[in-house]
file data-v1.cif (mmCIF, C-alpha atoms)
data_my_file
loop_
_atom_site.group_PDB
_atom_site.id
_atom_site.type_symbol
_atom_site.label_atom_id
_atom_site.label_comp_id
_atom_site.auth_asym_id
_atom_site.auth_seq_id
_atom_site.Cartn_x
_atom_site.Cartn_y
_atom_site.Cartn_z
ATOM 1 C CA MET E 1 -33.308 -12.537 63.511
ATOM 2 C CA TRP E 2 -36.143 -13.476 65.884
ATOM 3 C CA ASN E 3 -39.264 -11.375 65.795
ATOM 4 C CA GLU E 4 -39.507 -9.454 69.087
ATOM 5 C CA ASN E 5 -43.115 -10.612 69.591
ATOM 6 C CA ILE E 6 -42.097 -14.275 69.761
ATOM 7 C CA THR E 7 -41.941 -15.486 73.341
ATOM 8 C CA ASN E 8 -38.982 -17.188 74.977
ATOM 9 C CA GLU E 9 -41.109 -20.309 75.411
ATOM 10 C CA TYR E 10 -41.707 -20.419 71.667
ATOM 11 C CA ARG E 11 -37.990 -19.958 70.990
ATOM 12 C CA LEU E 12 -37.084 -22.782 73.364
ATOM 13 C CA ASN E 13 -39.753 -24.962 71.768
ATOM 14 C CA ALA E 14 -38.374 -24.314 68.278
ATOM 15 C CA TYR E 15 -34.794 -24.965 69.427
ATOM 16 C CA LEU E 16 -35.678 -28.241 71.168
ATOM 17 C CA LYS E 17 -37.726 -29.428 68.204
ATOM 18 C CA LYS E 18 -34.717 -28.982 65.938
ATOM 19 C CA GLU E 19 -31.844 -29.928 68.248
ATOM 20 C CA ASP E 20 -33.359 -32.508 70.630
ATOM 21 C CA PRO E 21 -36.589 -33.980 69.226
ATOM 22 C CA ALA E 22 -36.974 -36.547 72.039
ATOM 23 C CA ARG E 23 -36.787 -33.866 74.743
ATOM 24 C CA TRP E 24 -39.094 -31.628 72.694
ATOM 25 C CA LYS E 25 -41.741 -34.364 72.483
ATOM 26 C CA GLU E 26 -41.488 -35.054 76.234
ATOM 27 C CA THR E 27 -41.859 -31.321 77.014
ATOM 28 C CA ILE E 28 -44.911 -31.008 74.762
ATOM 29 C CA LEU E 29 -46.558 -34.104 76.234
ATOM 30 C CA LYS E 30 -46.011 -32.894 79.814
ATOM 31 C CA GLY E 31 -47.538 -29.505 78.954
ATOM 32 C CA ASN E 32 -50.522 -31.098 77.232
ATOM 33 C CA LEU E 33 -51.075 -33.495 80.115
ATOM 34 C CA LYS E 34 -50.978 -30.648 82.647
ATOM 35 C CA ARG E 35 -53.509 -28.618 80.635
ATOM 36 C CA THR E 36 -55.767 -31.668 80.232
ATOM 37 C CA ILE E 37 -55.725 -32.368 83.970
ATOM 38 C CA GLU E 38 -56.472 -28.705 84.763
ATOM 39 C CA CYS E 39 -59.264 -28.637 82.197
ATOM 40 C CA ASN E 40 -60.872 -31.760 83.672
ATOM 41 C CA GLU E 41 -60.654 -30.299 87.192
ATOM 42 C CA PHE E 42 -62.303 -27.055 86.034
ATOM 43 C CA LYS E 43 -65.030 -28.972 84.218
ATOM 44 C CA LYS E 44 -65.709 -31.051 87.350
ATOM 45 C CA LEU E 45 -66.183 -27.875 89.416
ATOM 46 C CA ILE E 46 -68.624 -26.529 86.826
ATOM 47 C CA TYR E 47 -70.628 -29.754 86.596
ATOM 48 C CA ASP E 48 -70.717 -29.987 90.398
ATOM 49 C CA HIS E 49 -72.184 -26.480 90.501
ATOM 50 C CA TYR E 50 -74.742 -26.723 87.673
ATOM 51 C CA GLY E 51 -75.562 -30.411 88.063
ATOM 52 C CA GLU E 52 -74.198 -33.474 86.342
ATOM 53 C CA LYS E 53 -77.199 -34.134 84.106
ATOM 54 C CA CYS E 54 -79.017 -32.496 81.211
ATOM 55 C CA ASN E 55 -81.238 -29.709 82.516
ATOM 56 C CA CYS E 56 -83.847 -30.617 79.889
ATOM 57 C CA CYS E 57 -84.096 -34.394 79.404
ATOM 58 C CA GLY E 58 -82.140 -35.517 82.484
ATOM 59 C CA ILE E 59 -79.568 -37.706 80.723
ATOM 60 C CA VAL E 60 -76.486 -38.370 82.856
ATOM 61 C CA GLY E 61 -72.894 -38.854 81.726
ATOM 62 C CA GLU E 62 -70.240 -36.226 81.163
ATOM 63 C CA ILE E 63 -69.552 -37.514 77.662
ATOM 64 C CA PHE E 64 -73.086 -36.487 76.624
ATOM 65 C CA LEU E 65 -73.102 -33.061 78.271
ATOM 66 C CA CYS E 66 -72.142 -29.513 77.356
ATOM 67 C CA ILE E 67 -72.603 -25.984 78.666
ATOM 68 C CA ASP E 68 -75.455 -23.932 77.212
ATOM 69 C CA HIS E 69 -76.329 -20.241 77.342
ATOM 70 C CA VAL E 70 -79.875 -20.161 78.734
ATOM 71 C CA ASN E 71 -80.761 -16.920 76.919
ATOM 72 C CA ASN E 72 -79.404 -18.122 73.557
ATOM 73 C CA ASP E 73 -76.878 -15.281 73.542
ATOM 74 C CA GLY E 74 -73.684 -17.330 73.326
ATOM 75 C CA ALA E 75 -72.696 -16.049 69.874
ATOM 76 C CA ILE E 76 -73.137 -12.423 70.939
ATOM 77 C CA ARG E 77 -71.240 -12.930 74.184
ATOM 78 C CA LYS E 78 -68.352 -14.587 72.343
ATOM 79 C CA LYS E 79 -68.131 -11.597 69.999
ATOM 80 C CA LEU E 80 -67.891 -9.416 73.113
ATOM 81 C CA GLY E 81 -64.903 -11.397 74.389
ATOM 82 C CA GLU E 82 -66.264 -14.348 76.335
ATOM 83 C CA PRO E 83 -64.014 -17.348 75.645
ATOM 84 C CA LYS E 84 -65.460 -19.818 73.168
ATOM 85 C CA ARG E 85 -64.723 -23.219 74.673
ATOM 86 C CA GLY E 86 -62.414 -25.438 76.653
ATOM 87 C CA ARG E 87 -60.074 -24.446 79.440
ATOM 88 C CA GLU E 88 -60.404 -20.687 78.935
ATOM 89 C CA PHE E 89 -64.216 -20.872 78.948
ATOM 90 C CA TYR E 90 -64.192 -23.040 82.087
ATOM 91 C CA LEU E 91 -61.874 -20.578 83.826
ATOM 92 C CA TRP E 92 -64.115 -17.698 82.764
ATOM 93 C CA ILE E 93 -67.151 -19.432 84.298
ATOM 94 C CA ILE E 94 -65.317 -20.084 87.577
ATOM 95 C CA ASN E 95 -63.833 -16.562 87.745
ATOM 96 C CA ASN E 96 -67.296 -15.078 87.096
ATOM 97 C CA ASN E 97 -68.850 -17.039 89.980
ATOM 98 C CA PHE E 98 -70.815 -19.513 87.868
ATOM 99 C CA PRO E 99 -73.212 -17.181 85.999
ATOM 100 C CA GLU E 100 -76.877 -18.081 86.408
ATOM 101 C CA ASP E 101 -77.546 -17.780 82.683
ATOM 102 C CA LEU E 102 -75.580 -20.945 81.919
ATOM 103 C CA GLN E 103 -76.848 -24.512 82.236
ATOM 104 C CA ILE E 104 -75.857 -28.070 81.451
ATOM 105 C CA LEU E 105 -77.582 -29.679 78.461
ATOM 106 C CA CYS E 106 -76.872 -32.842 76.527
ATOM 107 C CA TYR E 107 -75.641 -32.326 72.972
ATOM 108 C CA ASN E 108 -79.016 -33.466 71.562
ATOM 109 C CA CYS E 109 -81.032 -30.935 73.567
ATOM 110 C CA ASN E 110 -78.476 -28.208 72.872
ATOM 111 C CA SER E 111 -78.636 -28.861 69.132
ATOM 112 C CA ALA E 112 -82.438 -29.161 69.121
ATOM 113 C CA LYS E 113 -82.716 -25.900 71.079
ATOM 114 C CA HIS E 114 -80.501 -24.164 68.538
ATOM 115 C CA LYS E 115 -82.530 -25.480 65.588
ATOM 116 C CA ASN E 116 -85.890 -24.807 67.255
ATOM 117 C CA ASN E 117 -85.667 -21.053 67.890
ATOM 118 C CA GLY E 118 -84.128 -21.340 71.347
ATOM 119 C CA LYS E 119 -86.484 -23.911 72.854
ATOM 120 C CA CYS E 120 -85.761 -27.616 73.171
ATOM 121 C CA PRO E 121 -88.657 -29.770 71.894
ATOM 122 C CA HIS E 122 -88.676 -31.503 75.308
ATOM 123 C CA GLN E 123 -89.583 -28.193 76.927
ATOM 124 C CA GLU E 124 -92.322 -27.533 74.377
ATOM 125 C CA SER E 125 -93.937 -30.898 75.099
ATOM 126 C CA LYS E 126 -93.758 -30.226 78.866
ATOM 127 C CA THR E 127 -95.575 -26.906 78.505
ATOM 128 C CA GLN E 128 -98.302 -28.466 76.354
ATOM 129 C CA ASP E 129 -99.059 -31.179 78.955
#
call {"tool": "encode", "arguments": {"input": "data-v1.cif", "output": "structure tokens"}}
result
Amino acid sequence: MWNENITNEYRLNAYLKKEDPARWKETILKGNLKRTIECNEFKKLIYDHYGEKCNCCGIVGEIFLCIDHVNNDGAIRKKLGEPKRGREFYLWIINNNFPEDLQILCYNCNSAKHKNNGKCPHQESKTQD
């Protein structure tokens, strides 16, 4: 009675969850760990390429940083099929040879840029000086 669109991996997952919960949990944890390690490796490549600090204020520390669309077109590009976040987005960046219209910003500068019509207040103060 399985739907033909359901993958074999999903079927095995459902079977293990019901019949052998301990093995199911171990399988899930191994898969999650592998994806987390891959994701961290991809992120490291990206930060090595773009720089490991905020392109606006200069703050350092991966926990503070995120990837920003320089031209403020992230929403449009996501509607056109660019992955939104995480592992798939990191792979997309790597497979597209690290597009020049991306940069590293801290979450504060990224948020301020979004709320300030595409320009971080730090950049505005630099241009006024």
call {"tool": "residues_around", "arguments": {"input": "data-v1.cif", "residues": "E:Val70", "least_positions_apart": "3", "cutoff": "9 Å", "atoms": "all atoms listed in the file", "output": "number ranges by chain"}}
result
E: 73-74, 100-103, 118
call {"tool": "write_last_selection", "arguments": {"input": "data-v1.cif", "atoms": "C-alpha atoms", "output": "PDB file, keeping the file's coordinate frame"}}
result
ATOM      1  CA  ASP E  73     -76.878 -15.281  73.542  1.00  0.00           C
ATOM      2  CA  GLY E  74     -73.684 -17.330  73.326  1.00  0.00           C
ATOM      3  CA  GLU E 100     -76.877 -18.081  86.408  1.00  0.00           C
ATOM      4  CA  ASP E 101     -77.546 -17.780  82.683  1.00  0.00           C
ATOM      5  CA  LEU E 102     -75.580 -20.945  81.919  1.00  0.00           C
ATOM      6  CA  GLN E 103     -76.848 -24.512  82.236  1.00  0.00           C
ATOM      7  CA  GLY E 118     -84.128 -21.340  71.347  1.00  0.00           C
TER       8      GLY E 118
END
call {"tool": "resolve_selection", "arguments": {"input": "data-v1.cif", "expression": "the PyMOL selection byres ((chain E and resi 72) around 12)", "output": "ChimeraX atom specification"}}
result
/E:67-71,73-78,101-103,110-111,113-120
call {"tool": "resolve_selection", "arguments": {"input": "data-v1.cif", "expression": "the PyMOL selection byres ((chain E and resi 52) around 12)", "output": "list in words"}}
result
Lys43, Lys44, Leu45, Ile46, Tyr47, Asp48, His49, Tyr50, Gly51, Lys53, Cys54, Asn55, Cys56, Gly58, Ile59, Val60, Gly61, Glu62, Ile63, Phe64, Leu65, Cys66, Ile67, Gln103, Ile104, Leu105 and Cys106 of chain E
call {"tool": "axis_aligned_box", "arguments": {"input": "data-v1.cif", "around": "stretch 40-53 of chain E", "padding_each_side": "3 Å", "output": "JSON"}}
result
{"center_x": -68.9, "center_y": -30.3, "center_z": 87.1, "size_x": 22.5, "size_y": 13.7, "size_z": 12.8}
call {"tool": "atom_distance", "arguments": {"input": "data-v1.cif", "atom1": "atom CA of E:Asn40", "atom2": "atom CA of E:Gly86"}}
result
9.6 Å
call {"tool": "resolve_selection", "arguments": {"input": "data-v1.cif", "expression": "the PyMOL selection byres ((chain E and resi 87) around 8)", "output": "PDB file with C-alpha atoms, in the frame of the given file"}}
result
ATOM      1  CA  ARG E  35     -53.509 -28.618  80.635  1.00  0.00           C
ATOM      2  CA  GLU E  38     -56.472 -28.705  84.763  1.00  0.00           C
ATOM      3  CA  CYS E  39     -59.264 -28.637  82.197  1.00  0.00           C
ATOM      4  CA  PHE E  42     -62.303 -27.055  86.034  1.00  0.00           C
ATOM      5  CA  ARG E  85     -64.723 -23.219  74.673  1.00  0.00           C
ATOM      6  CA  GLY E  86     -62.414 -25.438  76.653  1.00  0.00           C
ATOM      7  CA  GLU E  88     -60.404 -20.687  78.935  1.00  0.00           C
ATOM      8  CA  PHE E  89     -64.216 -20.872  78.948  1.00  0.00           C
ATOM      9  CA  TYR E  90     -64.192 -23.040  82.087  1.00  0.00           C
ATOM     10  CA  LEU E  91     -61.874 -20.578  83.826  1.00  0.00           C
TER      11      LEU E  91
END
call {"tool": "atom_distance", "arguments": {"input": "data-v1.cif", "atom1": "atom CA of E:Lys18", "atom2": "atom CA of E:Asn32"}}
result
19.5 Å
call {"tool": "atom_distance", "arguments": {"input": "data-v1.cif", "atom1": "atom CA of E:Lys25", "atom2": "atom CA of E:Ile37"}}
result
18.2 Å
call {"tool": "decode", "arguments": {"input": "data-v1.cif", "residues": "stretch 47-128 of chain E", "atoms": "C-alpha atoms", "output": "PDB file, in the first residue's frame"}}
result
ATOM      1  CA  TYR E  47      34.368  31.893   4.882  1.00  0.00           C
ATOM      2  CA  ASP E  48      37.929  31.216   3.710  1.00  0.00           C
ATOM      3  CA  HIS E  49      36.998  32.638   0.309  1.00  0.00           C
ATOM      4  CA  TYR E  50      34.993  35.713   1.377  1.00  0.00           C
ATOM      5  CA  GLY E  51      36.869  36.431   4.600  1.00  0.00           C
ATOM      6  CA  GLU E  52      36.184  35.435   8.170  1.00  0.00           C
ATOM      7  CA  LYS E  53      34.956  38.822   9.377  1.00  0.00           C
ATOM      8  CA  CYS E  54      32.055  41.187   8.776  1.00  0.00           C
ATOM      9  CA  ASN E  55      32.625  43.106   5.551  1.00  0.00           C
ATOM     10  CA  CYS E  56      31.060  46.188   7.160  1.00  0.00           C
ATOM     11  CA  CYS E  57      32.066  46.522  10.826  1.00  0.00           C
ATOM     12  CA  GLY E  58      34.918  43.985  10.892  1.00  0.00           C
ATOM     13  CA  ILE E  59      33.646  41.815  13.752  1.00  0.00           C
ATOM     14  CA  VAL E  60      35.255  38.367  13.817  1.00  0.00           C
ATOM     15  CA  GLY E  61      33.735  35.074  14.940  1.00  0.00           C
ATOM     16  CA  GLU E  62      31.752  32.592  12.896  1.00  0.00           C
ATOM     17  CA  ILE E  63      28.916  32.619  15.415  1.00  0.00           C
ATOM     18  CA  PHE E  64      28.252  36.291  14.582  1.00  0.00           C
ATOM     19  CA  LEU E  65      28.483  35.982  10.800  1.00  0.00           C
ATOM     20  CA  CYS E  66      26.156  35.232   7.907  1.00  0.00           C
ATOM     21  CA  ILE E  67      26.126  35.427   4.119  1.00  0.00           C
ATOM     22  CA  ASP E  68      24.577  38.516   2.535  1.00  0.00           C
ATOM     23  CA  HIS E  69      23.489  39.353  -1.004  1.00  0.00           C
ATOM     24  CA  VAL E  70      25.390  42.548  -1.842  1.00  0.00           C
ATOM     25  CA  ASN E  71      22.704  43.786  -4.257  1.00  0.00           C
ATOM     26  CA  ASN E  72      19.836  43.130  -1.820  1.00  0.00           C
ATOM     27  CA  ASP E  73      18.297  40.664  -4.269  1.00  0.00           C
ATOM     28  CA  GLY E  74      18.262  37.574  -2.055  1.00  0.00           C
ATOM     29  CA  ALA E  75      14.462  37.302  -1.918  1.00  0.00           C
ATOM     30  CA  ILE E  76      14.169  37.526  -5.705  1.00  0.00           C
ATOM     31  CA  ARG E  77      16.954  35.015  -6.276  1.00  0.00           C
ATOM     32  CA  LYS E  78      15.353  32.553  -3.857  1.00  0.00           C
ATOM     33  CA  LYS E  79      12.071  32.813  -5.766  1.00  0.00           C
ATOM     34  CA  LEU E  80      14.050  31.956  -8.906  1.00  0.00           C
ATOM     35  CA  GLY E  81      15.386  28.770  -7.313  1.00  0.00           C
ATOM     36  CA  GLU E  82      18.505  29.706  -5.378  1.00  0.00           C
ATOM     37  CA  PRO E  83      18.569  27.635  -2.177  1.00  0.00           C
ATOM     38  CA  LYS E  84      17.502  29.545   0.912  1.00  0.00           C
ATOM     39  CA  ARG E  85      19.993  28.514   3.577  1.00  0.00           C
ATOM     40  CA  GLY E  86      22.185  25.850   5.086  1.00  0.00           C
ATOM     41  CA  ARG E  87      23.915  23.000   3.322  1.00  0.00           C
ATOM     42  CA  GLU E  88      22.123  23.432  -0.009  1.00  0.00           C
ATOM     43  CA  PHE E  89      22.917  27.163  -0.120  1.00  0.00           C
ATOM     44  CA  TYR E  90      26.572  26.505   0.755  1.00  0.00           C
ATOM     45  CA  LEU E  91      26.807  23.890  -1.996  1.00  0.00           C
ATOM     46  CA  TRP E  92      25.193  26.304  -4.448  1.00  0.00           C
ATOM     47  CA  ILE E  93      27.800  28.967  -3.615  1.00  0.00           C
ATOM     48  CA  ILE E  94      30.681  26.510  -4.068  1.00  0.00           C
ATOM     49  CA  ASN E  95      29.251  25.030  -7.293  1.00  0.00           C
ATOM     50  CA  ASN E  96      28.758  28.555  -8.687  1.00  0.00           C
ATOM     51  CA  ASN E  97      32.399  29.494  -8.027  1.00  0.00           C
ATOM     52  CA  PHE E  98      31.763  31.839  -5.104  1.00  0.00           C
ATOM     53  CA  PRO E  99      29.647  34.567  -6.766  1.00  0.00           C
ATOM     54  CA  GLU E 100      31.038  38.073  -6.345  1.00  0.00           C
ATOM     55  CA  ASP E 101      27.664  39.478  -5.320  1.00  0.00           C
ATOM     56  CA  LEU E 102      27.774  37.699  -1.959  1.00  0.00           C
ATOM     57  CA  GLN E 103      29.623  38.871   1.146  1.00  0.00           C
ATOM     58  CA  ILE E 104      30.041  38.052   4.808  1.00  0.00           C
ATOM     59  CA  LEU E 105      28.241  40.339   7.264  1.00  0.00           C
ATOM     60  CA  CYS E 106      27.521  40.026  10.956  1.00  0.00           C
ATOM     61  CA  TYR E 107      23.865  39.535  11.859  1.00  0.00           C
ATOM     62  CA  ASN E 108      23.637  43.122  13.184  1.00  0.00           C
ATOM     63  CA  CYS E 109      24.900  44.700   9.958  1.00  0.00           C
ATOM     64  CA  ASN E 110      22.779  42.340   7.864  1.00  0.00           C
ATOM     65  CA  SER E 111      19.648  43.246   9.819  1.00  0.00           C
ATOM     66  CA  ALA E 112      20.461  46.972   9.824  1.00  0.00           C
ATOM     67  CA  LYS E 113      21.085  46.857   6.064  1.00  0.00           C
ATOM     68  CA  HIS E 114      17.715  45.201   5.536  1.00  0.00           C
ATOM     69  CA  LYS E 115      15.900  47.779   7.683  1.00  0.00           C
ATOM     70  CA  ASN E 116      17.795  50.737   6.208  1.00  0.00           C
ATOM     71  CA  ASN E 117      16.939  50.398   2.507  1.00  0.00           C
ATOM     72  CA  GLY E 118      19.903  48.195   1.629  1.00  0.00           C
ATOM     73  CA  LYS E 119      22.668  50.196   3.296  1.00  0.00           C
ATOM     74  CA  CYS E 120      24.195  49.418   6.675  1.00  0.00           C
ATOM     75  CA  PRO E 121      24.373  52.507   8.929  1.00  0.00           C
ATOM     76  CA  HIS E 122      28.125  51.837   9.297  1.00  0.00           C
ATOM     77  CA  GLN E 123      28.541  52.407   5.568  1.00  0.00           C
ATOM     78  CA  GLU E 124      26.489  55.603   5.682  1.00  0.00           C
ATOM     79  CA  SER E 125      28.696  57.034   8.427  1.00  0.00           C
ATOM     80  CA  LYS E 126      31.839  56.103   6.447  1.00  0.00           C
ATOM     81  CA  THR E 127      30.620  57.962   3.363  1.00  0.00           C
ATOM     82  CA  GLN E 128      29.752  61.062   5.395  1.00  0.00           C
TER      83      GLN E 128
END
